[in-house]
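**Q** input-v8.txt (compact mmCIF, C-alpha atoms and all ligand atoms) pasted underneath:
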```txt
# COMPACT_ATOMS: atom_id res chain seq x y z
CA MET A 1 5.62 11.81 -22.62
CA ASN A 2 3.91 13.32 -25.69
CA SER A 3 0.61 15.09 -25.92
CA SER A 4 -1.13 12.16 -27.64
CA SER A 5 -1.18 10.32 -24.30
CA VAL A 6 -3.18 13.11 -22.64
CA ILE A 7 -6.58 11.90 -21.54
CA ASP A 8 -9.33 14.47 -21.29
CA ASN A 9 -11.48 13.39 -18.37
CA SER A 10 -14.08 16.12 -18.82
CA THR A 11 -15.22 15.07 -22.29
CA ASP A 12 -14.40 11.40 -21.83
CA GLN A 13 -16.33 9.98 -18.91
CA SER A 14 -17.94 12.69 -16.85
CA ASN A 15 -19.38 10.31 -14.31
CA ALA A 16 -19.69 11.21 -10.66
CA ALA A 17 -16.81 8.99 -9.54
CA ALA A 18 -14.39 10.61 -11.97
CA THR A 19 -15.48 14.07 -10.86
CA LEU A 20 -15.03 13.14 -7.20
CA GLU A 21 -11.60 11.74 -7.91
CA THR A 22 -10.53 14.85 -9.85
CA PHE A 23 -11.72 16.90 -6.91
CA ALA A 24 -9.60 14.81 -4.54
CA VAL A 25 -6.56 15.19 -6.83
CA ALA A 26 -7.09 18.97 -7.02
CA LYS A 27 -7.40 19.25 -3.25
CA ALA A 28 -4.26 17.17 -2.67
CA ALA A 29 -2.26 19.16 -5.23
CA LEU A 30 -3.36 22.52 -3.81
CA GLU A 31 -2.55 21.50 -0.27
CA GLY A 32 0.78 19.84 -1.04
CA LEU A 33 2.17 22.37 -3.51
CA SER A 34 1.25 25.28 -1.20
CA ALA A 35 3.23 23.84 1.72
CA LYS A 36 6.66 25.17 2.68
CA GLN A 37 8.20 21.76 1.98
CA LYS A 38 6.19 20.92 -1.12
CA TYR A 39 4.76 17.39 -1.17
CA LEU A 40 2.29 15.24 -3.06
CA PRO A 41 0.62 12.27 -1.32
CA SER A 42 1.80 8.90 -2.61
CA TRP A 43 -1.71 7.60 -3.40
CA LEU A 44 -1.49 9.92 -6.42
CA PHE A 45 1.00 7.47 -7.99
CA TYR A 46 -1.62 4.86 -8.68
CA ASP A 47 -3.65 5.95 -11.67
CA ALA A 48 -3.72 3.44 -14.57
CA PRO A 49 -0.27 4.33 -16.02
CA GLY A 50 1.20 4.56 -12.50
CA SER A 51 -0.19 1.15 -11.53
CA ARG A 52 1.42 -0.33 -14.67
CA LEU A 53 4.72 1.32 -13.76
CA PHE A 54 4.48 -0.11 -10.25
CA GLU A 55 3.93 -3.60 -11.68
CA ALA A 56 7.09 -3.06 -13.77
CA ILE A 57 8.96 -2.04 -10.59
CA THR A 58 7.99 -5.31 -8.90
CA ARG A 59 9.80 -7.18 -11.70
CA LEU A 60 13.04 -5.15 -11.49
CA PRO A 61 16.15 -7.03 -10.31
CA GLU A 62 16.87 -4.33 -7.69
CA TYR A 63 13.33 -4.27 -6.24
CA TYR A 64 13.60 -7.31 -3.97
CA LEU A 65 10.42 -6.65 -1.92
CA THR A 66 7.80 -8.35 -4.10
CA SER A 67 9.83 -11.40 -5.05
CA LEU A 68 11.01 -12.03 -1.48
CA GLU A 69 7.49 -11.73 -0.06
CA HIS A 70 6.20 -14.03 -2.78
CA SER A 71 8.89 -16.61 -2.00
CA ILE A 72 8.01 -16.45 1.71
CA PHE A 73 4.36 -17.15 0.83
CA LEU A 74 5.27 -20.01 -1.53
CA ARG A 75 7.49 -21.60 1.08
CA HIS A 76 5.31 -21.15 4.17
CA ALA A 77 1.73 -20.88 2.89
CA ASP A 78 0.49 -24.04 4.64
CA GLU A 79 2.11 -23.07 7.91
CA ILE A 80 0.72 -19.53 7.69
CA ILE A 81 -2.81 -20.80 7.01
CA VAL A 82 -2.64 -23.32 9.87
CA ALA A 83 -1.35 -20.65 12.25
CA ALA A 84 -3.95 -18.12 11.10
CA SER A 85 -6.80 -20.62 11.52
CA GLY A 86 -6.24 -20.69 15.27
CA LEU A 87 -8.34 -22.90 17.50
CA GLY A 88 -11.89 -21.87 16.60
CA GLY A 89 -12.43 -24.55 13.96
CA GLU A 90 -14.58 -22.21 11.86
CA GLN A 91 -13.96 -21.70 8.15
CA LEU A 92 -11.41 -19.00 7.47
CA SER A 93 -11.98 -16.37 4.79
CA ILE A 94 -9.35 -14.01 3.40
CA LEU A 95 -9.81 -10.25 3.27
CA GLU A 96 -7.17 -8.25 1.40
CA LEU A 97 -6.65 -4.49 1.70
CA GLY A 98 -5.53 -3.15 -1.68
CA ALA A 99 -6.28 -5.73 -4.31
CA GLY A 100 -3.37 -5.28 -6.70
CA SER A 101 -2.75 -8.19 -9.04
CA ALA A 102 -3.36 -10.68 -6.18
CA SER A 103 -0.55 -12.80 -7.63
CA LYS A 104 1.07 -13.33 -4.20
CA THR A 105 -2.30 -13.97 -2.59
CA VAL A 106 -2.89 -16.99 -4.82
CA ALA A 107 -0.25 -18.93 -2.85
CA LEU A 108 -2.24 -18.42 0.36
CA LEU A 109 -5.61 -19.11 -1.26
CA ARG A 110 -4.25 -22.37 -2.67
CA ALA A 111 -3.19 -23.47 0.82
CA LEU A 112 -6.58 -22.41 2.21
CA MET A 113 -8.44 -24.39 -0.48
CA ALA A 114 -6.32 -27.47 0.29
CA ARG A 115 -7.18 -27.21 3.97
CA GLN A 116 -10.87 -26.32 3.80
CA GLY A 117 -12.01 -27.39 0.34
CA HIS A 118 -13.60 -23.93 0.02
CA ALA A 119 -12.31 -20.38 0.22
CA LEU A 120 -13.96 -16.99 0.28
CA TYR A 121 -11.70 -14.17 -0.92
CA MET A 122 -12.69 -10.55 -0.32
CA PRO A 123 -10.39 -8.02 -2.00
CA VAL A 124 -10.93 -4.39 -0.93
CA ASP A 125 -9.93 -1.53 -3.21
CA VAL A 126 -11.09 1.94 -4.28
CA SER A 127 -10.58 1.04 -7.89
CA GLU A 128 -13.15 -1.17 -9.65
CA ALA A 129 -10.49 -1.88 -12.27
CA ALA A 130 -8.08 -3.17 -9.61
CA LEU A 131 -10.83 -5.38 -8.14
CA GLN A 132 -11.63 -6.84 -11.55
CA TRP A 133 -7.96 -7.50 -12.20
CA ALA A 134 -7.54 -9.26 -8.83
CA SER A 135 -10.63 -11.42 -9.20
CA ARG A 136 -9.76 -12.34 -12.79
CA ASN A 137 -6.26 -13.45 -11.70
CA VAL A 138 -7.57 -15.43 -8.75
CA HIS A 139 -10.26 -17.04 -10.87
CA ALA A 140 -7.74 -18.02 -13.56
CA ALA A 141 -5.44 -19.69 -11.01
CA LEU A 142 -8.10 -21.11 -8.65
CA PRO A 143 -11.53 -21.27 -10.30
CA ALA A 144 -13.19 -22.73 -7.17
CA VAL A 145 -12.37 -19.74 -4.95
CA GLU A 146 -15.42 -17.59 -4.23
CA VAL A 147 -14.55 -13.93 -4.79
CA ARG A 148 -16.59 -11.16 -3.17
CA SER A 149 -15.13 -7.76 -4.13
CA ILE A 150 -15.53 -4.79 -1.80
CA CYS A 151 -15.19 -1.40 -3.47
CA SER A 152 -14.14 0.97 -0.71
CA GLU A 153 -11.56 3.62 0.11
CA PHE A 154 -10.29 1.88 3.23
CA THR A 155 -8.16 4.79 4.41
CA GLN A 156 -11.35 6.80 5.03
CA GLY A 157 -12.44 4.83 8.09
CA LYS A 158 -15.76 3.60 6.66
CA SER A 159 -17.29 0.26 7.65
CA LEU A 160 -16.63 -2.69 5.33
CA ASN A 161 -19.83 -4.50 6.43
CA LEU A 162 -18.08 -7.86 6.41
CA PRO A 163 -20.15 -11.04 6.51
CA GLU A 164 -20.22 -12.42 10.05
CA GLU A 165 -20.26 -16.17 9.50
CA ASN A 166 -16.54 -16.90 9.03
CA SER A 167 -13.42 -16.06 10.92
CA ARG A 168 -11.08 -13.94 8.86
CA LEU A 169 -7.49 -13.50 7.92
CA ALA A 170 -6.91 -9.89 6.84
CA LEU A 171 -3.96 -9.35 4.51
CA TYR A 172 -2.08 -6.11 4.30
CA ILE A 173 0.95 -7.13 2.33
CA GLY A 174 3.63 -5.70 0.06
CA SER A 175 4.88 -3.30 2.78
CA SER A 176 2.06 -0.93 1.85
CA ILE A 177 1.88 -0.02 5.55
CA GLY A 178 5.33 1.55 5.04
CA ASN A 179 3.81 4.44 3.09
CA PHE A 180 2.16 5.80 6.24
CA ASP A 181 3.78 7.82 8.99
CA PRO A 182 3.88 5.85 12.26
CA GLU A 183 0.78 7.58 13.72
CA GLU A 184 -1.21 7.14 10.50
CA ALA A 185 -0.18 3.49 10.30
CA VAL A 186 -1.57 2.89 13.79
CA GLU A 187 -4.81 4.70 12.89
CA LEU A 188 -5.24 2.52 9.81
CA LEU A 189 -4.59 -0.69 11.73
CA GLN A 190 -6.92 0.44 14.54
CA TRP A 191 -9.64 0.93 11.95
CA LEU A 192 -8.90 -2.54 10.56
CA ARG A 193 -9.11 -3.92 14.10
CA SER A 194 -12.56 -2.30 14.42
CA GLN A 195 -13.75 -4.21 11.34
CA LEU A 196 -12.63 -7.57 12.76
CA GLN A 197 -13.72 -9.82 15.61
CA PRO A 198 -11.75 -11.40 18.46
CA GLY A 199 -9.88 -14.40 17.10
CA ASP A 200 -9.50 -12.94 13.60
CA ALA A 201 -5.96 -12.59 12.29
CA LEU A 202 -3.86 -10.10 10.35
CA LEU A 203 -0.98 -10.95 8.04
CA LEU A 204 1.20 -7.89 7.61
CA GLY A 205 4.10 -7.70 5.12
CA THR A 206 6.92 -5.29 5.95
CA ASP A 207 10.21 -4.40 4.37
CA MET A 208 12.84 -4.68 7.10
CA ALA A 209 15.48 -2.08 8.06
CA LYS A 210 18.80 -3.00 6.49
CA ALA A 211 22.04 -1.54 5.10
CA ALA A 212 21.56 1.53 2.92
CA ALA A 213 23.04 0.09 -0.29
CA PRO A 214 20.34 -2.44 -1.25
CA LEU A 215 17.63 0.03 -0.19
CA LEU A 216 19.06 2.80 -2.35
CA ALA A 217 19.45 0.41 -5.28
CA ALA A 218 15.80 -0.69 -4.97
CA TYR A 219 14.57 2.91 -5.32
CA ASN A 220 17.16 4.06 -7.89
CA ASP A 221 16.94 1.25 -10.42
CA LYS A 222 19.26 1.28 -13.43
CA ALA A 223 16.45 1.07 -15.97
CA GLY A 224 14.87 4.24 -14.57
CA VAL A 225 11.43 2.72 -13.98
CA THR A 226 11.21 4.17 -10.46
CA ALA A 227 12.12 7.60 -11.83
CA ALA A 228 9.32 7.27 -14.40
CA PHE A 229 6.93 6.10 -11.64
CA ASN A 230 7.88 9.15 -9.56
CA ARG A 231 7.49 11.59 -12.48
CA ASN A 232 4.12 10.06 -13.39
CA ILE A 233 2.70 11.95 -10.44
CA LEU A 234 3.42 15.20 -12.36
CA ALA A 235 2.16 13.68 -15.62
CA ARG A 236 -1.05 12.86 -13.77
CA LEU A 237 -1.46 16.49 -12.67
CA ASN A 238 -0.89 17.48 -16.29
CA ARG A 239 -3.59 15.05 -17.45
CA GLU A 240 -6.16 15.65 -14.76
CA LEU A 241 -5.61 19.27 -13.72
CA LYS A 242 -4.28 20.54 -17.09
CA ALA A 243 -1.04 21.52 -15.33
CA ASP A 244 2.04 22.27 -17.44
CA PHE A 245 4.81 20.46 -15.57
CA ALA A 246 7.79 19.90 -17.88
CA LEU A 247 8.71 16.36 -16.87
CA ASP A 248 12.38 16.84 -17.76
CA ALA A 249 12.57 19.82 -15.40
CA PHE A 250 12.26 17.55 -12.34
CA GLU A 251 14.82 14.97 -11.24
CA HIS A 252 14.01 11.76 -9.41
CA ARG A 253 15.83 11.51 -6.06
CA ALA A 254 15.54 8.67 -3.53
CA ILE A 255 17.43 8.90 -0.24
CA TRP A 256 17.74 6.81 2.92
CA ASN A 257 16.71 8.78 6.02
CA ALA A 258 18.30 6.64 8.75
CA GLU A 259 16.87 8.65 11.68
CA GLU A 260 13.32 8.06 10.48
CA SER A 261 14.13 4.59 9.08
CA ARG A 262 12.59 5.42 5.73
CA ILE A 263 13.37 5.82 2.06
CA GLU A 264 12.18 9.21 0.83
CA MET A 265 11.39 9.97 -2.77
CA HIS A 266 11.56 13.51 -4.08
CA LEU A 267 11.28 15.32 -7.39
CA ASP A 268 13.87 18.11 -7.53
CA SER A 269 13.30 21.11 -9.76
CA ASN A 270 16.42 21.49 -11.91
CA ARG A 271 15.72 25.18 -12.62
CA ASN A 272 13.82 28.19 -11.33
CA GLN A 273 10.39 27.86 -12.83
CA ALA A 274 6.69 28.55 -12.49
CA VAL A 275 4.17 25.81 -13.20
CA ARG A 276 0.62 26.71 -14.09
CA VAL A 277 -2.26 24.57 -12.84
CA PRO A 278 -5.38 25.91 -14.61
CA LEU A 279 -7.86 23.76 -12.70
CA LEU A 280 -6.58 25.33 -9.47
CA GLY A 281 -6.57 28.78 -11.07
CA ARG A 282 -3.00 29.48 -10.00
CA SER A 283 0.66 28.70 -10.53
CA PHE A 284 3.43 27.48 -8.25
CA ASN A 285 7.02 28.70 -8.15
CA PHE A 286 9.96 26.34 -7.85
CA ARG A 287 13.51 27.36 -7.03
CA ARG A 288 16.35 25.45 -8.64
CA GLY A 289 17.01 22.48 -6.32
CA GLU A 290 13.67 22.79 -4.52
CA SER A 291 11.99 19.43 -3.97
CA ILE A 292 8.51 17.97 -4.01
CA HIS A 293 8.44 15.15 -1.45
CA THR A 294 6.39 12.38 -3.04
CA GLU A 295 6.82 9.30 -0.85
CA ASN A 296 8.01 7.83 2.43
CA SER A 297 8.65 4.12 2.53
CA TYR A 298 9.30 3.05 6.12
CA LYS A 299 11.54 0.10 6.91
CA PHE A 300 10.86 -1.82 10.11
CA THR A 301 12.55 -3.73 12.88
CA VAL A 302 10.47 -6.57 14.31
CA GLU A 303 10.26 -4.55 17.55
CA ALA A 304 8.74 -1.64 15.63
CA VAL A 305 6.23 -4.01 14.01
CA GLU A 306 5.28 -5.49 17.38
CA ASP A 307 4.86 -2.04 18.92
CA MET A 308 2.74 -0.77 16.00
CA LEU A 309 0.52 -3.87 16.24
CA LEU A 310 0.08 -3.57 20.02
CA LYS A 311 -0.94 0.08 19.72
CA SER A 312 -3.53 -1.03 17.16
CA GLY A 313 -5.11 -3.86 19.18
CA PHE A 314 -3.20 -6.83 17.76
CA VAL A 315 -0.62 -9.19 19.26
CA LEU A 316 2.21 -10.45 17.12
CA GLU A 317 2.24 -14.26 17.11
CA GLN A 318 4.76 -15.31 14.48
CA SER A 319 7.00 -13.86 11.76
CA TRP A 320 8.46 -15.44 8.63
CA TYR A 321 11.45 -14.06 6.74
CA ASP A 322 13.67 -14.76 3.76
CA SER A 323 17.13 -16.08 4.63
CA ASP A 324 18.65 -12.56 4.77
CA ARG A 325 15.76 -11.16 6.85
CA TRP A 326 15.22 -8.48 4.24
CA PHE A 327 11.45 -8.92 4.17
CA GLY A 328 9.09 -9.98 6.95
CA VAL A 329 5.59 -11.46 7.00
CA HIS A 330 3.93 -11.14 10.40
CA LEU A 331 0.90 -12.94 11.77
CA ALA A 332 -0.98 -11.05 14.46
CA ARG A 333 -4.19 -11.78 16.35
CA VAL A 334 -7.00 -9.42 17.24
CA VAL A 335 -6.90 -8.79 20.95
CA ASP A 336 -10.40 -8.83 22.32
CA SER A 337 -11.15 -5.54 24.00
CA GLU A 338 -12.09 -7.15 27.35
CA THR A 339 -8.67 -8.77 27.68
CA MET A 340 -7.15 -5.45 26.72
CA MET A 341 -9.09 -3.64 29.44
CA GLU A 342 -8.13 -6.31 32.01
CA ASP A 343 -4.49 -5.81 31.00
CA ASP A 344 -4.87 -2.07 31.44
CA ALA A 345 -6.46 -2.56 34.85
CA GLU A 346 -3.62 -4.87 35.92
CA GLU A 347 -1.08 -2.32 34.75
CA GLU A 348 -2.84 0.41 36.71
CA ALA A 349 -3.05 -1.79 39.81
CA ALA A 350 0.66 -2.66 39.61
C1 LIG B 401 3.90 -0.21 -2.84
C2 LIG B 401 4.38 1.33 -1.11
C3 LIG B 401 5.30 -0.85 -1.03
O1 LIG B 401 7.26 1.74 -0.89
O2 LIG B 401 8.35 0.20 -1.95
C4 LIG B 401 8.04 1.33 -5.13
C5 LIG B 401 5.97 1.80 -3.65
N1 LIG B 401 7.80 3.33 -4.42
N2 LIG B 401 9.07 2.06 -5.58
C6 LIG B 401 7.35 0.90 -1.78
C7 LIG B 401 7.24 2.13 -4.38
C8 LIG B 401 8.91 3.28 -5.16
C9 LIG B 401 6.15 0.66 -2.71
N3 LIG B 401 4.94 0.26 -1.93
```
As a first step, turn the structure in this file into structure tokens.
Ligand code: AVJ
**A**
Amino acid sequence: MNSSSVIDNSTDQSNAAATLETFAVAKAALEGLSAKQKYLPSWLFYDAPGSRLFEAITRLPEYYLTSLEHSIFLRHADEIIVAASGLGGEQLSILELGAGSASKTVALLRALMARQGHALYMPVDVSEAALQWASRNVHAALPAVEVRSICSEFTQGKSLNLPEENSRLALYIGSSIGNFDPEEAVELLQWLRSQLQPGDALLLGTDMAKAAAPLLAAYNDKAGVTAAFNRNILARLNRELKADFALDAFEHRAIWNAEESRIEMHLDSNRNQAVRVPLLGRSFNFRRGESIHTENSYKFTVEAVEDMLLKSGFVLEQSWYDSDRWFGVHLARVVDSETMMEDDAEEEAA
């Protein structure tokens, strides 16, 4: 990366949102780089260059997740929509956490349009740019779909103020849930449950636990795009916090942690070095071989999915897979809290 790609946020657009975001980046960097095992939270990957690199990852031959999930949607969209619609007979609308390019979502919206003749699509994202991208893509493919964007940081537990008239299918796809530790994943899904009503549904996409080889290949691609994606987190600290990370002084490493059932990504310092971060007013020392842990990507069994859903107030109704069962798409229903309390009472009585 050369210096001409450095963006100066302070002179460029000094709006309140940018300042808030820089503050969040600074806080995350200070916390993570001060820890004994250094880490940086994986949301830091997704600035504009990082989001482009992620899109490139989804097109890599080794990164099977996106293409398999897309093929599951293409093959089973009608069935998924019928199953999600349940018995209520109301119109179904689609809510999506994390808008992305919405390219996979189009398959579901097409099936919903065919069934109802109308579809309301509500993408939720922190990034206005991501929301615009999603709604532009949906509009290009399906001009009749009504898009209502919701700009919100959904990991912060705030209300989405959803319209009440329809029943909803919430999408959390792409195995994004795999970036959270098990407890955090349950907290996120519990919050989602709190935004929904009894009878509403959730469609959750998860990468499934499998042999180490294809997993390692998916996170150590030959073209080095994942390595560039991983290093972009340091480039971002250089851009936004004026840090002086030498990108070639950190090596991309992705490993399979079988005990935790997760891929871990790290950046390993290949020398003893100090890195200055002027916006934090300090520097950080790295020993040769010391790592910055940048991501966990959990891989699930269907039992683990069912358990996570139950703890969050959902019951698993049906799962769809590719022929190798590498990727899973799970339909779950909101459990209404009265039934849940009755169940608890029965358990206590037993
Ligand atoms: C977007 C979180 C699903 O964990 O596979 C891709 C991100 N990291 N390559 C994943 C990612 C490295 C991705 N998720």
**Q** Against ligand LIG 401 (chain B), which residues of chain A fall within 8 Å? For each one I want the closest pair of atoms and the distance in Å (one decimal), counting only C-alpha atoms and all ligand atoms, rows by chain and increasing residue number, as JSON lines.
**A**
```
{"residue": "A:Phe54", "atom": "CA", "partner": "B:LIG401", "partner_atom": "C4", "distance": 6.4}
{"residue": "A:Ile57", "atom": "CA", "partner": "B:LIG401", "partner_atom": "N2", "distance": 6.5}
{"residue": "A:Thr58", "atom": "CA", "partner": "B:LIG401", "partner_atom": "C4", "distance": 7.6}
{"residue": "A:Tyr63", "atom": "CA", "partner": "B:LIG401", "partner_atom": "N2", "distance": 7.7}
{"residue": "A:Leu65", "atom": "CA", "partner": "B:LIG401", "partner_atom": "O2", "distance": 7.2}
{"residue": "A:Gly174", "atom": "CA", "partner": "B:LIG401", "partner_atom": "C3", "distance": 5.2}
{"residue": "A:Ser175", "atom": "CA", "partner": "B:LIG401", "partner_atom": "C3", "distance": 4.5}
{"residue": "A:Ser176", "atom": "CA", "partner": "B:LIG401", "partner_atom": "C3", "distance": 4.3}
{"residue": "A:Ile177", "atom": "CA", "partner": "B:LIG401", "partner_atom": "C2", "distance": 7.2}
{"residue": "A:Gly178", "atom": "CA", "partner": "B:LIG401", "partner_atom": "C2", "distance": 6.2}
{"residue": "A:Asn179", "atom": "CA", "partner": "B:LIG401", "partner_atom": "C2", "distance": 5.3}
{"residue": "A:Ala218", "atom": "CA", "partner": "B:LIG401", "partner_atom": "N2", "distance": 7.3}
{"residue": "A:Tyr219", "atom": "CA", "partner": "B:LIG401", "partner_atom": "N2", "distance": 5.6}
{"residue": "A:Thr226", "atom": "CA", "partner": "B:LIG401", "partner_atom": "N2", "distance": 5.7}
{"residue": "A:Phe229", "atom": "CA", "partner": "B:LIG401", "partner_atom": "C8", "distance": 7.3}
{"residue": "A:Asn230", "atom": "CA", "partner": "B:LIG401", "partner_atom": "C8", "distance": 7.4}
{"residue": "A:Ile263", "atom": "CA", "partner": "B:LIG401", "partner_atom": "O1", "distance": 7.9}
{"residue": "A:Met265", "atom": "CA", "partner": "B:LIG401", "partner_atom": "C8", "distance": 7.5}
{"residue": "A:Glu295", "atom": "CA", "partner": "B:LIG401", "partner_atom": "N1", "distance": 7.0}
{"residue": "A:Asn296", "atom": "CA", "partner": "B:LIG401", "partner_atom": "O1", "distance": 7.0}
{"residue": "A:Ser297", "atom": "CA", "partner": "B:LIG401", "partner_atom": "O1", "distance": 4.4}
{"residue": "A:Tyr298", "atom": "CA", "partner": "B:LIG401", "partner_atom": "O1", "distance": 7.4}
```
**Q** Just want the 9 Å neighbourhood of Ala274 (chain A), counted on all atoms listed in the file, with same-chain residues fewer than 3 positions away dropped. Output as JSON, numbers by chain.
**A** {"A": [245, 283, 284, 285, 286, 287]}
**Q** Between CA of Ile72 (chain A) and CA of Leu171 (chain A), what is the distance in Å, rounded to a tenth?
**A**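 Separating CA of Ile72 (chain A) from CA of Leu171 (chain A) is a distance of 14.2 Å.
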**Q** Per residue of region 21-124 of chain A within 6 Å of region 160-168 of chain A, note the shortest atom pair and the distance in Å to one decimal, counting all atoms listed in the file, and order the rows by chain and increasing residue number, as CSV.
**A**
```
residue,atom,partner,partner_atom,distance
A:Gln91,CA,A:Asn166,CA,5.5
A:Leu92,CA,A:Ser167,CA,5.0
A:Ser93,CA,A:Arg168,CA,4.8
A:Ile94,CA,A:Arg168,CA,5.7
```
**Q** Please compute the CA of Gly89 (chain A)-CA of Ala119 (chain A) distance, one decimal, in Å.
**A**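 Rounded to one decimal, the two atoms are 14.4 Å apart.
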**Q** Can you tell me how far CA of Trp326 (chain A) sits from CA of Glu62 (chain A), in Å to one decimal?
**A**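 Separation of CA of Trp326 (chain A) and CA of Glu62 (chain A): 12.7 Å.
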**Q** Looking at A:Asp336, A:Asp248, A:Glu153, A:Asp207, which one is nearest to Ala227 (chain A), with distances taken over all atoms listed in the file?
**A**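 Counting all atoms listed in the file, the residue closest to Ala227 (chain A) is A:Asp248.
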**Q** Which residue, A:Ser34, A:Ser135, A:Ser42, A:Ser149, has the smallest gap to Phe180 (chain A) when you use all atoms listed in the file?
**A**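 Smallest distance to Phe180 (chain A) is found for A:Ser42.
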**Q** For Glu55 (chain A), which residue out of A:Met208, A:Leu97, A:His139, A:Val225 is the nearest one, using all atoms listed in the file?
**A**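 Nearest candidate to Glu55 (chain A) out of A:Met208, A:Leu97, A:His139, A:Val225: A:Val225.
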**Q** Find, counting all atoms listed in the file, the residue in A:Gly199, A:Pro61, A:Gly117, A:Pro123 that gets nearest to Arg136 (chain A).
**A**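 Using all atoms listed in the file, Arg136 (chain A) sits closest to A:Pro123.
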**Q** Hey, could you pull the box centre and edge lengths for region 269-283 of chain A, axis-aligned, 6 Å padding per side, all listed atoms, to one decimal in Å, as lines of an AutoDock Vina configuration file?
**A**
```
center_x = 4.3
center_y = 25.3
center_z = -12.0
size_x = 36.3
size_y = 20.4
size_z = 17.1
```
**Q** List the spatial neighbours of Arg193 (chain A) as JSON, numbers by chain - criterion: any atom at most 8 Å away, all atoms listed in the file, same-chain residues fewer than 6 positions off excluded.
**A** {"A": [312, 313, 314, 334]}
**Q** Using the structure just given, write a file holding C-alpha atoms for region 120-159 of chain A, as a PDB file, in the first residue's frame.
**A**
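Resulting contents of decode.pdb:
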```
ATOM      1  CA  LEU A 120     -41.334  -5.094   1.680  1.00  0.00           C
ATOM      2  CA  TYR A 121     -37.575  -5.400   2.198  1.00  0.00           C
ATOM      3  CA  MET A 122     -35.934  -3.774   5.219  1.00  0.00           C
ATOM      4  CA  PRO A 123     -32.128  -3.952   5.196  1.00  0.00           C
ATOM      5  CA  VAL A 124     -30.446  -2.931   8.464  1.00  0.00           C
ATOM      6  CA  ASP A 125     -26.870  -1.667   8.484  1.00  0.00           C
ATOM      7  CA  VAL A 126     -24.653   0.899  10.225  1.00  0.00           C
ATOM      8  CA  SER A 127     -23.319   2.052   6.914  1.00  0.00           C
ATOM      9  CA  GLU A 128     -25.464   4.313   4.708  1.00  0.00           C
ATOM     10  CA  ALA A 129     -23.241   3.299   1.798  1.00  0.00           C
ATOM     11  CA  ALA A 130     -23.997  -0.391   2.383  1.00  0.00           C
ATOM     12  CA  LEU A 131     -27.735   0.357   2.557  1.00  0.00           C
ATOM     13  CA  GLN A 132     -27.617   2.282  -0.711  1.00  0.00           C
ATOM     14  CA  TRP A 133     -25.700  -0.537  -2.361  1.00  0.00           C
ATOM     15  CA  ALA A 134     -28.221  -3.141  -1.154  1.00  0.00           C
ATOM     16  CA  SER A 135     -31.270  -1.161  -2.212  1.00  0.00           C
ATOM     17  CA  ARG A 136     -29.755  -0.324  -5.604  1.00  0.00           C
ATOM     18  CA  ASN A 137     -29.044  -4.020  -6.261  1.00  0.00           C
ATOM     19  CA  VAL A 138     -32.499  -5.100  -5.151  1.00  0.00           C
ATOM     20  CA  HIS A 139     -34.141  -2.376  -7.193  1.00  0.00           C
ATOM     21  CA  ALA A 140     -32.148  -3.332 -10.304  1.00  0.00           C
ATOM     22  CA  ALA A 141     -33.168  -6.994 -10.022  1.00  0.00           C
ATOM     23  CA  LEU A 142     -36.728  -6.524  -8.707  1.00  0.00           C
ATOM     24  CA  PRO A 143     -38.020  -2.986  -9.305  1.00  0.00           C
ATOM     25  CA  ALA A 144     -41.394  -3.717  -7.650  1.00  0.00           C
ATOM     26  CA  VAL A 145     -39.907  -4.558  -4.247  1.00  0.00           C
ATOM     27  CA  GLU A 146     -40.494  -1.813  -1.685  1.00  0.00           C
ATOM     28  CA  VAL A 147     -37.231  -1.069   0.131  1.00  0.00           C
ATOM     29  CA  ARG A 148     -37.233   0.610   3.548  1.00  0.00           C
ATOM     30  CA  SER A 149     -33.644   0.998   4.785  1.00  0.00           C
ATOM     31  CA  ILE A 150     -32.913   1.070   8.510  1.00  0.00           C
ATOM     32  CA  CYS A 151     -29.625   2.720   9.460  1.00  0.00           C
ATOM     33  CA  SER A 152     -28.690   1.220  12.803  1.00  0.00           C
ATOM     34  CA  GLU A 153     -25.793  -0.434  14.611  1.00  0.00           C
ATOM     35  CA  PHE A 154     -27.711  -3.582  15.470  1.00  0.00           C
ATOM     36  CA  THR A 155     -25.062  -4.982  17.808  1.00  0.00           C
ATOM     37  CA  GLN A 156     -25.773  -2.105  20.227  1.00  0.00           C
ATOM     38  CA  GLY A 157     -29.146  -3.412  21.383  1.00  0.00           C
ATOM     39  CA  LYS A 158     -31.200  -0.417  20.209  1.00  0.00           C
ATOM     40  CA  SER A 159     -34.804  -0.753  19.042  1.00  0.00           C
TER      41      SER A 159
END
```
